[in-house]
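Data block for query05.tsv (TSV, C-alpha atoms):
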chain	number	residue	atom	x	y	z
A	1	MET	CA	0.00	0.00	0.00
A	2	GLU	CA	1.05	3.57	-0.57
A	3	SER	CA	1.37	5.93	2.39
A	4	GLY	CA	-2.03	7.03	3.58
A	5	GLY	CA	-3.49	3.61	2.83
A	6	SER	CA	-4.57	4.36	-0.76
A	7	LYS	CA	-4.38	1.43	-3.15
A	8	ARG	CA	-1.97	1.22	-6.06
A	9	ARG	CA	-3.43	1.81	-9.50
A	10	VAL	CA	-3.32	-1.28	-11.69
A	11	VAL	CA	-4.48	-1.24	-15.31
A	12	VAL	CA	-5.15	-4.52	-17.14
A	13	VAL	CA	-5.36	-4.19	-20.93
A	14	GLY	CA	-7.25	-7.16	-22.36
A	15	GLY	CA	-10.05	-9.24	-20.90
A	16	GLY	CA	-9.35	-12.70	-22.27
A	17	ILE	CA	-8.94	-15.59	-19.86
A	18	ALA	CA	-5.56	-14.37	-18.54
A	19	GLY	CA	-6.64	-10.76	-18.04
A	20	SER	CA	-9.97	-11.77	-16.52
A	21	ILE	CA	-8.55	-14.19	-13.96
A	22	LEU	CA	-5.87	-11.66	-13.01
A	23	ALA	CA	-8.46	-8.87	-12.60
A	24	ARG	CA	-10.70	-11.06	-10.45
A	25	SER	CA	-7.73	-12.16	-8.33
A	26	ILE	CA	-6.50	-8.67	-7.40
A	27	GLN	CA	-9.72	-6.62	-7.54
A	28	PHE	CA	-9.80	-6.08	-3.76
A	29	ASN	CA	-6.04	-5.42	-3.49
A	30	ALA	CA	-5.75	-2.58	-6.01
A	31	ASP	CA	-7.43	0.42	-7.59
A	32	LEU	CA	-8.15	-1.62	-10.70
A	33	THR	CA	-9.15	-0.74	-14.26
A	34	LEU	CA	-9.87	-3.33	-16.97
A	35	ILE	CA	-9.75	-2.10	-20.58
A	36	ASP	CA	-11.33	-4.22	-23.30
A	37	PRO	CA	-13.38	-3.42	-26.45
A	38	LYS	CA	-16.12	-5.86	-25.40
A	39	GLU	CA	-18.25	-6.31	-22.29
A	40	TYR	CA	-17.62	-10.02	-21.71
A	41	LEU	CA	-15.09	-12.82	-21.43
A	42	GLU	CA	-15.47	-15.64	-23.91
A	43	ILE	CA	-14.06	-19.06	-23.01
A	44	LYS	CA	-12.44	-19.59	-26.38
A	45	TRP	CA	-12.04	-23.36	-26.24
A	46	ALA	CA	-15.85	-23.60	-26.31
A	47	GLN	CA	-16.31	-21.58	-29.51
A	48	LEU	CA	-16.59	-24.48	-31.94
A	49	ARG	CA	-19.09	-26.35	-29.76
A	50	SER	CA	-21.19	-23.18	-29.60
A	51	LYS	CA	-21.51	-23.19	-33.40
A	52	VAL	CA	-23.25	-26.58	-33.39
A	53	GLU	CA	-25.03	-26.01	-30.06
A	54	PRO	CA	-25.73	-22.28	-29.59
A	55	SER	CA	-27.12	-22.74	-26.06
A	56	PHE	CA	-23.64	-23.89	-25.01
A	57	ALA	CA	-22.46	-20.29	-25.42
A	58	GLU	CA	-24.70	-19.16	-22.53
A	59	ARG	CA	-22.12	-20.56	-20.09
A	60	ALA	CA	-19.05	-19.82	-22.21
A	61	VAL	CA	-19.76	-16.10	-22.74
A	62	VAL	CA	-19.64	-14.31	-19.37
A	63	ASN	CA	-20.18	-10.62	-18.69
A	64	TYR	CA	-17.22	-9.10	-16.83
A	65	ARG	CA	-19.49	-7.83	-14.07
A	66	ASP	CA	-20.49	-11.41	-13.24
A	67	PHE	CA	-17.05	-11.96	-11.67
A	68	PHE	CA	-15.37	-8.54	-11.53
A	69	SER	CA	-17.33	-6.30	-9.16
A	70	ASN	CA	-14.70	-4.07	-7.57
A	71	GLY	CA	-13.10	-1.91	-10.24
A	72	ARG	CA	-13.66	0.06	-13.42
A	73	ILE	CA	-14.37	-1.45	-16.81
A	74	ILE	CA	-13.59	0.72	-19.83
A	75	THR	CA	-15.19	-0.63	-22.99
A	76	SER	CA	-12.68	0.69	-25.48
A	77	THR	CA	-9.37	-0.18	-27.13
A	78	ALA	CA	-5.96	0.83	-25.79
A	79	ILE	CA	-4.06	2.78	-28.45
A	80	ASN	CA	-0.97	4.05	-26.62
A	81	ILE	CA	1.10	3.61	-23.48
A	82	THR	CA	3.31	6.20	-21.84
A	83	GLU	CA	5.48	5.86	-18.73
A	84	ASN	CA	2.44	6.41	-16.49
A	85	GLU	CA	-0.74	6.36	-18.60
A	86	VAL	CA	-2.75	4.23	-20.99
A	87	LEU	CA	-4.62	6.09	-23.73
A	88	THR	CA	-7.83	4.64	-25.18
A	89	ALA	CA	-9.54	5.03	-28.54
A	90	ASP	CA	-12.38	6.98	-26.92
A	91	GLY	CA	-9.96	9.60	-25.59
A	92	GLN	CA	-9.47	8.51	-21.99
A	93	HIS	CA	-6.14	8.76	-20.15
A	94	ILE	CA	-5.86	6.16	-17.38
A	95	GLY	CA	-2.96	6.50	-14.97
A	96	TYR	CA	-1.19	3.43	-13.62
A	97	ASP	CA	1.37	2.36	-11.07
A	98	TYR	CA	1.39	-1.16	-12.51
A	99	LEU	CA	0.32	-2.21	-15.99
A	100	VAL	CA	-0.54	-5.69	-17.28
A	101	ILE	CA	-0.87	-6.31	-21.02
A	102	ALA	CA	-3.05	-9.30	-21.87
A	103	THR	CA	-4.43	-8.46	-25.32
A	104	GLY	CA	-4.20	-11.94	-26.84
A	105	HIS	CA	-5.34	-12.12	-30.47
A	106	SER	CA	-7.10	-9.62	-32.73
A	107	ASP	CA	-10.60	-11.06	-32.75
A	108	ASN	CA	-13.29	-9.09	-34.53
A	109	VAL	CA	-16.21	-9.73	-32.18
A	110	PRO	CA	-19.29	-7.73	-31.11
A	111	VAL	CA	-19.38	-5.57	-27.99
A	112	SER	CA	-22.24	-7.19	-26.05
A	113	LYS	CA	-22.95	-10.74	-24.88
A	114	THR	CA	-26.40	-10.58	-26.53
A	115	GLU	CA	-24.83	-9.83	-29.91
A	116	ARG	CA	-22.31	-12.63	-29.44
A	117	LEU	CA	-25.05	-15.16	-28.66
A	118	HIS	CA	-26.93	-14.01	-31.77
A	119	TYR	CA	-23.75	-14.67	-33.77
A	120	TYR	CA	-23.77	-18.32	-32.63
A	121	ASP	CA	-27.45	-18.64	-33.55
A	122	ALA	CA	-26.60	-17.38	-37.04
A	123	GLU	CA	-23.59	-19.71	-37.37
A	124	ASN	CA	-25.78	-22.64	-36.35
A	125	GLN	CA	-28.40	-21.72	-38.95
A	126	LYS	CA	-25.64	-21.57	-41.55
A	127	ILE	CA	-24.60	-25.13	-40.65
A	128	GLN	CA	-28.18	-26.45	-40.39
A	129	SER	CA	-29.21	-25.13	-43.81
A	130	ALA	CA	-26.12	-26.44	-45.65
A	131	ARG	CA	-25.77	-29.89	-47.15
A	132	SER	CA	-22.06	-29.46	-47.88
A	133	ILE	CA	-19.55	-27.45	-45.84
A	134	LEU	CA	-15.99	-26.35	-46.60
A	135	ILE	CA	-13.55	-25.68	-43.74
A	136	VAL	CA	-10.33	-23.86	-44.62
A	137	GLY	CA	-7.47	-24.42	-42.19
A	138	GLY	CA	-6.21	-27.54	-40.44
A	139	GLY	CA	-5.04	-26.08	-37.16
A	140	PRO	CA	-6.90	-26.74	-33.89
A	141	SER	CA	-9.92	-24.59	-34.83
A	142	GLY	CA	-10.46	-26.18	-38.23
A	143	VAL	CA	-9.97	-29.71	-36.91
A	144	GLU	CA	-12.30	-29.15	-33.93
A	145	LEU	CA	-14.99	-27.57	-36.11
A	146	ALA	CA	-14.82	-30.47	-38.56
A	147	GLY	CA	-15.15	-32.86	-35.61
A	148	GLU	CA	-18.12	-30.98	-34.16
A	149	ILE	CA	-20.06	-30.75	-37.43
A	150	SER	CA	-19.37	-34.34	-38.51
A	151	THR	CA	-20.47	-35.60	-35.08
A	152	ASP	CA	-23.68	-33.59	-34.71
A	153	PHE	CA	-24.60	-33.57	-38.41
A	154	PRO	CA	-23.27	-36.86	-39.83
A	155	ASP	CA	-25.32	-36.54	-43.04
A	156	LYS	CA	-23.54	-33.35	-44.10
A	157	LYS	CA	-20.61	-33.49	-46.50
A	158	VAL	CA	-17.63	-31.85	-44.72
A	159	THR	CA	-14.41	-31.02	-46.58
A	160	LEU	CA	-11.33	-29.65	-44.78
A	161	VAL	CA	-8.53	-28.10	-46.82
A	162	HIS	CA	-5.15	-27.33	-45.25
A	163	LYS	CA	-2.11	-25.84	-46.99
A	164	GLY	CA	0.42	-27.64	-44.76
A	165	PRO	CA	1.70	-31.21	-45.05
A	166	ARG	CA	-0.14	-32.33	-41.89
A	167	LEU	CA	-2.93	-31.25	-39.58
A	168	LEU	CA	-2.25	-29.69	-36.16
A	169	GLU	CA	1.29	-28.64	-37.06
A	170	TYR	CA	1.80	-26.93	-33.69
A	171	ILE	CA	2.07	-30.36	-32.01
A	172	GLY	CA	3.78	-33.61	-32.93
A	173	PRO	CA	3.24	-35.80	-36.02
A	174	LYS	CA	1.72	-38.65	-33.99
A	175	ALA	CA	-1.08	-36.36	-32.84
A	176	SER	CA	-1.53	-35.14	-36.42
A	177	ASP	CA	-1.89	-38.71	-37.68
A	178	LYS	CA	-4.41	-39.61	-34.99
A	179	GLY	CA	-6.43	-36.47	-35.72
A	180	LEU	CA	-6.45	-37.24	-39.44
A	181	SER	CA	-7.57	-40.83	-38.83
A	182	LEU	CA	-10.39	-39.75	-36.51
A	183	LEU	CA	-11.68	-37.15	-38.97
A	184	ARG	CA	-11.60	-39.61	-41.85
A	185	SER	CA	-13.45	-42.15	-39.70
A	186	LYS	CA	-16.17	-39.49	-39.40
A	187	LYS	CA	-16.27	-39.22	-43.22
A	188	VAL	CA	-14.54	-35.81	-43.33
A	189	ASP	CA	-12.74	-35.32	-46.67
A	190	VAL	CA	-9.32	-33.95	-45.71
A	191	LYS	CA	-7.16	-32.38	-48.43
A	192	LEU	CA	-3.58	-31.51	-47.44
A	193	GLN	CA	-1.01	-29.26	-49.14
A	194	GLN	CA	-3.70	-27.26	-50.90
A	195	SER	CA	-5.09	-23.77	-50.52
A	196	VAL	CA	-8.50	-22.46	-51.54
A	197	ASP	CA	-9.43	-19.37	-53.53
A	198	LEU	CA	-12.53	-18.27	-51.59
A	199	LYS	CA	-13.36	-15.69	-54.28
A	200	SER	CA	-13.74	-18.46	-56.84
A	201	ALA	CA	-17.27	-19.16	-55.57
A	202	SER	CA	-18.32	-15.49	-55.51
A	203	ASP	CA	-20.28	-15.98	-58.74
A	204	GLY	CA	-22.85	-18.02	-56.83
A	205	SER	CA	-21.69	-21.34	-58.30
A	206	GLN	CA	-20.83	-22.78	-54.84
A	207	LEU	CA	-17.71	-24.22	-56.46
A	208	TYR	CA	-14.43	-23.43	-54.71
A	209	ARG	CA	-11.20	-23.93	-56.63
A	210	THR	CA	-8.06	-25.21	-54.89
A	211	SER	CA	-4.41	-24.51	-55.71
A	212	THR	CA	-4.16	-27.89	-57.48
A	213	GLY	CA	-7.07	-27.04	-59.79
A	214	GLU	CA	-9.59	-29.20	-57.95
A	215	SER	CA	-13.17	-27.96	-57.50
A	216	ILE	CA	-15.03	-28.39	-54.20
A	217	LYS	CA	-18.78	-27.91	-54.05
A	218	ALA	CA	-19.96	-26.40	-50.78
A	219	ASP	CA	-23.07	-24.51	-49.68
A	220	CYS	CA	-21.00	-22.50	-47.18
A	221	HIS	CA	-17.49	-22.18	-45.85
A	222	PHE	CA	-15.73	-21.46	-42.56
A	223	LEU	CA	-12.31	-19.82	-42.50
A	224	CYS	CA	-10.29	-21.28	-39.61
A	225	THR	CA	-6.86	-19.84	-40.22
A	226	ARG	CA	-4.61	-18.27	-37.59
A	227	VAL	CA	-5.76	-15.01	-36.01
A	228	PRO	CA	-2.94	-12.45	-35.59
A	229	LEU	CA	-1.67	-11.35	-32.20
A	230	SER	CA	-3.11	-8.10	-30.86
A	231	THR	CA	0.25	-6.40	-30.36
A	232	ALA	CA	0.73	-4.28	-33.51
A	233	TRP	CA	-0.54	-1.23	-31.60
A	234	LEU	CA	2.46	-1.50	-29.26
A	235	ASN	CA	4.74	-0.43	-32.12
A	236	GLU	CA	3.63	3.15	-31.45
A	237	THR	CA	4.27	2.98	-27.69
A	238	ILE	CA	7.15	2.98	-25.21
A	239	LEU	CA	7.24	-0.82	-25.63
A	240	LYS	CA	8.01	-0.80	-29.36
A	241	THR	CA	11.55	-2.11	-28.78
A	242	ASN	CA	10.27	-4.89	-26.51
A	243	LEU	CA	8.55	-6.86	-29.30
A	244	ASP	CA	10.30	-9.82	-30.91
A	245	LYS	CA	10.16	-10.63	-34.64
A	246	ASP	CA	6.87	-12.52	-34.15
A	247	GLY	CA	5.21	-9.59	-32.38
A	248	ARG	CA	5.44	-11.11	-28.90
A	249	LEU	CA	6.51	-9.16	-25.83
A	250	LYS	CA	9.86	-10.15	-24.38
A	251	VAL	CA	9.40	-10.97	-20.70
A	252	ASP	CA	11.67	-11.92	-17.81
A	253	GLU	CA	11.28	-14.83	-15.40
A	254	TYR	CA	8.62	-12.90	-13.43
A	255	LEU	CA	6.58	-12.18	-16.63
A	256	ARG	CA	7.57	-8.53	-16.48
A	257	VAL	CA	8.31	-6.88	-19.81
A	258	LYS	CA	12.11	-6.93	-20.01
A	259	GLY	CA	13.65	-3.74	-18.72
A	260	ARG	CA	10.41	-2.59	-17.06
A	261	SER	CA	9.87	-2.88	-13.31
A	262	ASN	CA	6.11	-2.16	-13.33
A	263	ILE	CA	4.80	-3.56	-16.64
A	264	PHE	CA	3.83	-7.23	-16.98
A	265	ALA	CA	2.59	-9.28	-19.94
A	266	ILE	CA	0.56	-12.49	-19.79
A	267	GLY	CA	-1.05	-14.98	-22.14
A	268	ASP	CA	-0.32	-15.69	-25.80
A	269	ILE	CA	1.47	-12.37	-26.40
A	270	THR	CA	4.53	-13.33	-24.32
A	271	ASP	CA	7.71	-14.78	-25.80
A	272	VAL	CA	7.81	-17.59	-23.22
A	273	PRO	CA	8.90	-20.73	-25.16
A	274	GLU	CA	5.84	-22.91	-24.60
A	275	LEU	CA	2.67	-23.99	-26.40
A	276	LYS	CA	0.25	-21.06	-26.34
A	277	LEU	CA	-2.66	-22.78	-24.60
A	278	GLY	CA	-5.37	-21.80	-22.14
A	279	HIS	CA	-3.91	-23.55	-19.11
A	280	ALA	CA	-0.61	-21.68	-19.61
A	281	ALA	CA	-2.46	-18.33	-19.76
A	282	ILE	CA	-4.28	-19.21	-16.52
A	283	HIS	CA	-0.94	-20.06	-14.87
A	284	HIS	CA	0.45	-16.68	-16.04
A	285	ALA	CA	-2.52	-14.86	-14.49
A	286	TYR	CA	-2.16	-16.44	-11.06
A	287	LEU	CA	1.60	-15.92	-10.96
A	288	VAL	CA	1.40	-12.21	-11.89
A	289	ALA	CA	-1.47	-11.71	-9.43
A	290	LYS	CA	0.75	-13.16	-6.70
A	291	ASN	CA	3.68	-10.95	-7.71
A	292	LEU	CA	1.55	-7.81	-7.87
A	293	LYS	CA	0.12	-8.47	-4.42
A	294	LEU	CA	3.66	-8.86	-3.11
A	295	LEU	CA	4.87	-5.62	-4.68
A	296	MET	CA	1.78	-3.61	-3.74
A	297	GLY	CA	2.19	-4.84	-0.17
A	298	GLY	CA	5.72	-3.51	0.00
A	299	GLY	CA	7.48	-6.82	-0.59
A	300	LYS	CA	10.93	-7.11	-2.13
A	301	GLU	CA	11.36	-7.86	-5.82
A	302	SER	CA	13.72	-10.69	-4.85
A	303	LYS	CA	10.75	-12.48	-3.28
A	304	MET	CA	8.71	-12.55	-6.51
A	305	SER	CA	7.66	-15.93	-7.92
A	306	VAL	CA	9.41	-17.18	-11.04
A	307	TYR	CA	7.38	-18.54	-13.95
A	308	LYS	CA	8.28	-22.06	-15.02
A	309	PRO	CA	6.40	-23.52	-18.02
A	310	GLY	CA	4.55	-26.71	-17.14
A	311	PRO	CA	4.61	-30.00	-19.04
A	312	GLU	CA	3.46	-29.60	-22.63
A	313	VAL	CA	-0.03	-31.09	-22.79
A	314	ALA	CA	-2.24	-30.36	-25.79
A	315	MET	CA	-5.76	-31.63	-26.34
A	316	VAL	CA	-7.92	-31.26	-29.45
A	317	SER	CA	-11.56	-32.26	-29.31
A	318	LEU	CA	-13.19	-34.06	-32.26
A	319	GLY	CA	-16.86	-33.92	-31.39
A	320	ARG	CA	-18.60	-34.86	-28.17
A	321	LYS	CA	-16.82	-38.14	-27.39
A	322	HIS	CA	-13.45	-38.16	-29.14
A	323	ALA	CA	-10.24	-36.19	-28.86
A	324	VAL	CA	-6.51	-36.29	-29.52
A	325	ALA	CA	-4.19	-35.66	-26.57
A	326	GLN	CA	-0.44	-35.13	-26.62
A	327	PHE	CA	1.23	-35.71	-23.27
A	328	PRO	CA	4.98	-35.57	-22.57
A	329	PHE	CA	5.01	-39.36	-22.26
A	330	ALA	CA	2.46	-40.45	-24.89
A	331	THR	CA	0.03	-39.39	-27.61
A	332	VAL	CA	-3.50	-40.79	-27.37
A	333	GLY	CA	-6.53	-40.55	-29.63
A	334	GLY	CA	-10.13	-41.64	-29.27
A	335	ARG	CA	-12.60	-41.90	-26.39
A	336	ILE	CA	-10.17	-41.77	-23.45
A	337	PRO	CA	-8.96	-38.20	-24.10
A	338	GLY	CA	-12.52	-37.44	-25.17
A	339	LEU	CA	-13.69	-38.23	-21.64
A	340	ILE	CA	-11.30	-35.57	-20.32
A	341	LYS	CA	-12.24	-32.67	-22.61
A	342	SER	CA	-14.96	-33.29	-25.15
A	343	GLY	CA	-18.06	-33.41	-22.95
A	344	ASP	CA	-17.89	-29.97	-21.35
A	345	MET	CA	-14.88	-28.49	-23.22
A	346	PHE	CA	-13.40	-27.45	-19.82
A	347	VAL	CA	-16.09	-24.77	-19.47
A	348	GLY	CA	-17.15	-25.80	-15.95
A	349	ARG	CA	-13.54	-25.91	-14.76
A	350	THR	CA	-12.83	-22.48	-16.28
A	351	ARG	CA	-15.94	-20.94	-14.72
A	352	LYS	CA	-14.71	-22.15	-11.31
A	353	HIS	CA	-11.54	-20.07	-11.81
A	354	LEU	CA	-13.86	-17.08	-12.11
A	355	GLY	CA	-15.74	-17.95	-8.93
A	356	LEU	CA	-18.86	-18.95	-10.88
A	357	GLU	CA	-21.09	-22.02	-10.79
A	358	PRO	CA	-19.80	-24.59	-13.30
Same coordinates, now as structure tokens:
Amino acid sequence: MESGGSKRRVVVVGGGIAGSILARSIQFNADLTLIDPKEYLEIKWAQLRSKVEPSFAERAVVNYRDFFSNGRIITSTAINITENEVLTADGQHIGYDYLVIATGHSDNVPVSKTERLHYYDAENQKIQSARSILIVGGGPSGVELAGEISTDFPDKKVTLVHKGPRLLEYIGPKASDKGLSLLRSKKVDVKLQQSVDLKSASDGSQLYRTSTGESIKADCHFLCTRVPLSTAWLNETILKTNLDKDGRLKVDEYLRVKGRSNIFAIGDITDVPELKLGHAAIHHAYLVAKNLKLLMGGGKESKMSVYKPGPEVAMVSLGRKHAVAQFPFATVGGRIPGLIKSGDMFVGRTRKHLGLEP
């Protein structure tokens, strides 16, 4: 605490899972401001399930005020950082003693929870009314969406096109092979080492042309390619020299931005060498919350907790009962990993981190 008992000003930029858990954890220890362009947290690993089951989104899209009651929420975008202020797109200047950047990826999503739930209703109608569906991108989002649609709508023709030599390239080849086998067992037509010209069907023909000259008939398509990090705005700030070549913030062992004693970064935007997954972001949030409480309470920097990446565990759901899991000791596919993730998509567990009913 500062002299006189007033609380330190902490600004959290970004309300994804890392920023939200951090804000909830320190809301009664600081004079806290959360800046985010939307009014809610979305549990991202539930997004693909919400497309086939829109009611699932009711639990996965959570208004900030449901778990963050003691602080300010500014529904805007941060556009600049100085040594002691954050500037927002709507012209506000918010002073800080400590700053945490948790902006994640540049998702183009609506402001309100109601609008977001309507989006999932519309996506579901798009799936329901189509007989054939094209999915572009064979990363975790494309693979999970193909698994969800082929499980819930087995009569629909699903084609997945991926430009790389294997699916799920962010994890090992064994997991890729198991994912490919499971999708093909669900009658998904997987085409590797091809790209799709989405404009080729703009004439209303519903025929999409691939880079090999093949034509794919589809009533609709879903683009599931990588979403860029939300760090480009930092190039105009005091942190412009702290970004690596991939646009990630360079952090020290305490998850502070290197060279900065009062600015932290958490979640996917850090340069920590680990798989960028939800459980890592949650670990970041709790560690920085602990370190901020220590510093705000007058503790020594030497007593701060050091971040150590955990074992690399990745899990990709393929519908309601199947999944692929890569553990440090083994890679497993089928119903056993499906029992761990695919029923609830970790939504109940994540809601518990926010102090909410599962």
Task: Neighbours of point (-13.1, -27.3, -52.7) within 9 Å, using all atoms listed in the file, written as a ChimeraX atom specification - done: /A:134,159-161,191,196-197,207-210,214-218
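With distances restricted to only C-alpha atoms, A:Val11 is the closest residue to Gly95 in chain A from A:Val11, A:Leu275, A:Ala57, A:Val288.
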Task: One-decimal distance in Å that lies between CA of Ala265 in chain A and CA of Glu144 in chain A - done: 28.5 Å
- [ ] Name the residues in contact with Pro309 in chain A at a cut-off of 12 Å, using all atoms listed in the file, excluding same-chain residues fewer than 4 positions from it; report them as a VMD selection string.
- [x] chain A and resid 253 to 255 271 to 277 279 to 284 287 313
Task: Close residues, Leu182 in chain A itself excluded, 12 Å, only C-alpha atoms, min 2 positions apart in chain, as a VMD selection string - done: chain A and resid 143 to 144 146 to 148 150 to 151 167 175 to 180 184 to 190 316 to 319 321 to 324 332 to 335 338
TODO: Between A:Asp107, A:Glu83, A:Glu169, A:Asp344, single out the one closest to Glu42 in chain A, counting all atoms listed in the file.
DONE: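 Nearest to Glu42 in chain A: A:Asp107.
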Open item on the list: Please report the interatomic distance between CA of Gly164 in chain A and CA of Pro337 in chain A in Å with one decimal.
Closed with: 25.0 Å
Sorted by chain and rising residue number, which residues of range 79-197 of chain A lie within 12 Å of range 28-32 of chain A, and what are their closest atom pairs and distances in Å to one decimal, counting all atoms listed in the file, as JSON lines?
{"residue": "A:Ile94", "atom": "CA", "partner": "A:Leu32", "partner_atom": "CA", "distance": 10.5}
{"residue": "A:Gly95", "atom": "CA", "partner": "A:Leu32", "partner_atom": "CA", "distance": 10.5}
{"residue": "A:Tyr96", "atom": "CA", "partner": "A:Leu32", "partner_atom": "CA", "distance": 9.1}
{"residue": "A:Asp97", "atom": "CA", "partner": "A:Asp31", "partner_atom": "CA", "distance": 9.7}
{"residue": "A:Tyr98", "atom": "CA", "partner": "A:Leu32", "partner_atom": "CA", "distance": 9.7}
{"residue": "A:Leu99", "atom": "CA", "partner": "A:Leu32", "partner_atom": "CA", "distance": 10.0}
{"residue": "A:Val100", "atom": "CA", "partner": "A:Leu32", "partner_atom": "CA", "distance": 10.9}
Task: Residue list as an MDAnalysis selection string for point (12.2, -5.6, -11.8), cut-off 12 Å, only C-alpha atoms - done: chainID A and resid 98 251:264 291:292 295 300:306
TODO: May I have the residues within 9 Å of Arg49 in chain A as a PyMOL selection string, using all atoms listed in the file and disregarding those fewer than 2 positions away in the same chain?
DONE: chain A and resi 45-47+51-54+56-57+144-145+148-149+319-320+345
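In this structure, CA of Gly355 in chain A sits 11.7 Å away from CA of Val62 in chain A.
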If I wrap all listed atoms of range 182-192 of chain A in a box with edges along x, y and z and add 6 Å on each side, what are its centre and edge lengths in Å to one decimal, as AutoDock Vina command-line options?
--center_x -9.9 --center_y -36.8 --center_z -42.5 --size_x 24.7 --size_y 22.6 --size_z 23.9
